[in-house]
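Single-structure report; data block below.
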Amino acid sequence: MADNTIQTATDGNFEAEVLTASNSQPVMVDFWAEWCRPCHMLAPTVAEIAHDYAGKLKVMKLNVDEAMNSAGRYRVQGIPTLLLFKNGQVADQMVGGVRRKVGGGMARMRAAPSAVALVEQHHAVIARVEEPPEVRRTSRTWTAVHNERGFA
């Protein structure tokens, strides 16, 4: 990882670096694997989010091949998966690899929407995390934003 704002999560440090740390600021964990091409496509977007929200959002990467217990605990079945933690709990999630309609038919499986769309979705989620709880209950989820943008 070239970006020094992104730290590595492991089974050994997950409790302290993610769950406990999420009590003071939101923590986004990117579940990935070295062999996962879509994960590598998403990496620049994750780095951009880490840079843009430095000091407001902690960004971690967890290699699912090396930290199977943590991935299993949160039932990560597809990668890339991004989980957003707040107060020790999963506040939101996004799973990569979506189908997109093109020209009336189902297009080839895409690894992820464009980086710009992903960044916009993440900005919306971060804004949601920063909203007061009474507003957050009525806010749209990533899935809703994702579907509105035609990535269903």
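By order of appearance in the structure tokens: chains A, B, ..., then residues from 1 within every chain, and ligands from 1 in the order shown.
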
- Nearby residues (only C-alpha atoms) at most 7 Å from stretch 89-95 of chain A, same-chain spacing under 3 positions excluded, as a ChimeraX atom specification: /A:78-86,142

Next, the residues of the selection above should be written as a tab-separated table (two decimals), in the first residue's frame with C-alpha atoms.
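Full text of out12.tsv as output:
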```
chain	number	residue	atom	x	y	z
A	78	GLY	CA	-17.80	-11.44	-2.07
A	79	ILE	CA	-14.96	-9.03	-2.56
A	80	PRO	CA	-14.32	-6.21	-2.73
A	81	THR	CA	-16.51	-5.44	0.26
A	82	LEU	CA	-16.40	-2.15	2.15
A	83	LEU	CA	-17.80	-2.06	5.67
A	84	LEU	CA	-18.25	1.20	7.53
A	85	PHE	CA	-18.05	0.85	11.32
A	86	LYS	CA	-19.34	3.32	13.87
A	142	TRP	CA	-25.82	2.74	-0.26
```

- Surrounding residues of stretch 30-43 of chain A excluding itself and chain neighbours under 4 positions, 8 Å, only C-alpha atoms, as a PyMOL selection string: chain A and resi 47+59-65+71+76+79-83+96-97+111-112+115

Would you please extract all alpha helix (DSSP H) residues from stretch 12-113 of chain A, as assigned by DSSP on the backbone, and give them as a JSON list (two decimals) with N, CA and C atoms, in the first residue's frame?
```
[["chain", "number", "residue", "atom", "x", "y", "z"],
["A", 14, "PHE", "N", -7.96, -6.44, 14.80],
["A", 14, "PHE", "CA", -9.28, -5.98, 14.36],
["A", 14, "PHE", "C", -10.08, -5.34, 15.51],
["A", 37, "ARG", "N", -8.96, -8.96, -9.01],
["A", 37, "ARG", "CA", -8.80, -7.84, -9.93],
["A", 37, "ARG", "C", -9.73, -6.65, -9.60],
["A", 38, "PRO", "N", -11.02, -6.90, -9.31],
["A", 38, "PRO", "CA", -11.89, -5.78, -8.93],
["A", 38, "PRO", "C", -11.40, -5.04, -7.68],
["A", 39, "CYS", "N", -10.76, -5.78, -6.77],
["A", 39, "CYS", "CA", -10.21, -5.14, -5.57],
["A", 39, "CYS", "C", -9.12, -4.14, -5.95],
["A", 40, "HIS", "N", -8.28, -4.52, -6.90],
["A", 40, "HIS", "CA", -7.21, -3.62, -7.36],
["A", 40, "HIS", "C", -7.80, -2.43, -8.10],
["A", 41, "MET", "N", -8.92, -2.63, -8.80],
["A", 41, "MET", "CA", -9.57, -1.53, -9.49],
["A", 41, "MET", "C", -10.17, -0.53, -8.51],
["A", 42, "LEU", "N", -10.62, -1.03, -7.37],
["A", 42, "LEU", "CA", -11.22, -0.18, -6.34],
["A", 42, "LEU", "C", -10.17, 0.54, -5.49],
["A", 43, "ALA", "N", -8.96, 0.01, -5.43],
["A", 43, "ALA", "CA", -7.91, 0.55, -4.55],
["A", 43, "ALA", "C", -7.67, 2.05, -4.70],
["A", 44, "PRO", "N", -7.60, 2.62, -5.93],
["A", 44, "PRO", "CA", -7.39, 4.06, -6.03],
["A", 44, "PRO", "C", -8.53, 4.88, -5.41],
["A", 45, "THR", "N", -9.75, 4.36, -5.51],
["A", 45, "THR", "CA", -10.90, 5.04, -4.92],
["A", 45, "THR", "C", -10.80, 5.02, -3.40],
["A", 46, "VAL", "N", -10.42, 3.87, -2.85],
["A", 46, "VAL", "CA", -10.24, 3.76, -1.40],
["A", 46, "VAL", "C", -9.15, 4.71, -0.94],
["A", 47, "ALA", "N", -8.07, 4.79, -1.69],
["A", 47, "ALA", "CA", -6.98, 5.71, -1.35],
["A", 47, "ALA", "C", -7.44, 7.16, -1.40],
["A", 48, "GLU", "N", -8.26, 7.49, -2.38],
["A", 48, "GLU", "CA", -8.79, 8.85, -2.49],
["A", 48, "GLU", "C", -9.68, 9.19, -1.30],
["A", 49, "ILE", "N", -10.51, 8.24, -0.91],
["A", 49, "ILE", "CA", -11.38, 8.46, 0.25],
["A", 49, "ILE", "C", -10.53, 8.64, 1.51],
["A", 50, "ALA", "N", -9.50, 7.81, 1.67],
["A", 50, "ALA", "CA", -8.61, 7.93, 2.83],
["A", 50, "ALA", "C", -7.95, 9.30, 2.87],
["A", 51, "HIS", "N", -7.52, 9.77, 1.72],
["A", 51, "HIS", "CA", -6.87, 11.08, 1.64],
["A", 51, "HIS", "C", -7.86, 12.21, 1.93],
["A", 52, "ASP", "N", -9.04, 12.16, 1.28],
["A", 52, "ASP", "CA", -10.04, 13.22, 1.43],
["A", 52, "ASP", "C", -10.58, 13.32, 2.84],
["A", 68, "MET", "N", -9.00, -14.60, 7.76],
["A", 68, "MET", "CA", -10.27, -15.30, 7.48],
["A", 68, "MET", "C", -11.27, -15.19, 8.62],
["A", 69, "ASN", "N", -10.80, -15.11, 9.86],
["A", 69, "ASN", "CA", -11.72, -15.03, 10.99],
["A", 69, "ASN", "C", -12.53, -13.74, 10.97],
["A", 70, "SER", "N", -11.86, -12.63, 10.73],
["A", 70, "SER", "CA", -12.57, -11.34, 10.69],
["A", 70, "SER", "C", -13.52, -11.28, 9.51],
["A", 71, "ALA", "N", -13.08, -11.77, 8.35],
["A", 71, "ALA", "CA", -13.95, -11.78, 7.18],
["A", 71, "ALA", "C", -15.16, -12.67, 7.43],
["A", 72, "GLY", "N", -14.95, -13.81, 8.04],
["A", 72, "GLY", "CA", -16.06, -14.72, 8.35],
["A", 72, "GLY", "C", -17.01, -14.15, 9.38],
["A", 73, "ARG", "N", -16.47, -13.44, 10.35],
["A", 73, "ARG", "CA", -17.31, -12.85, 11.41],
["A", 73, "ARG", "C", -18.34, -11.89, 10.83]]
```
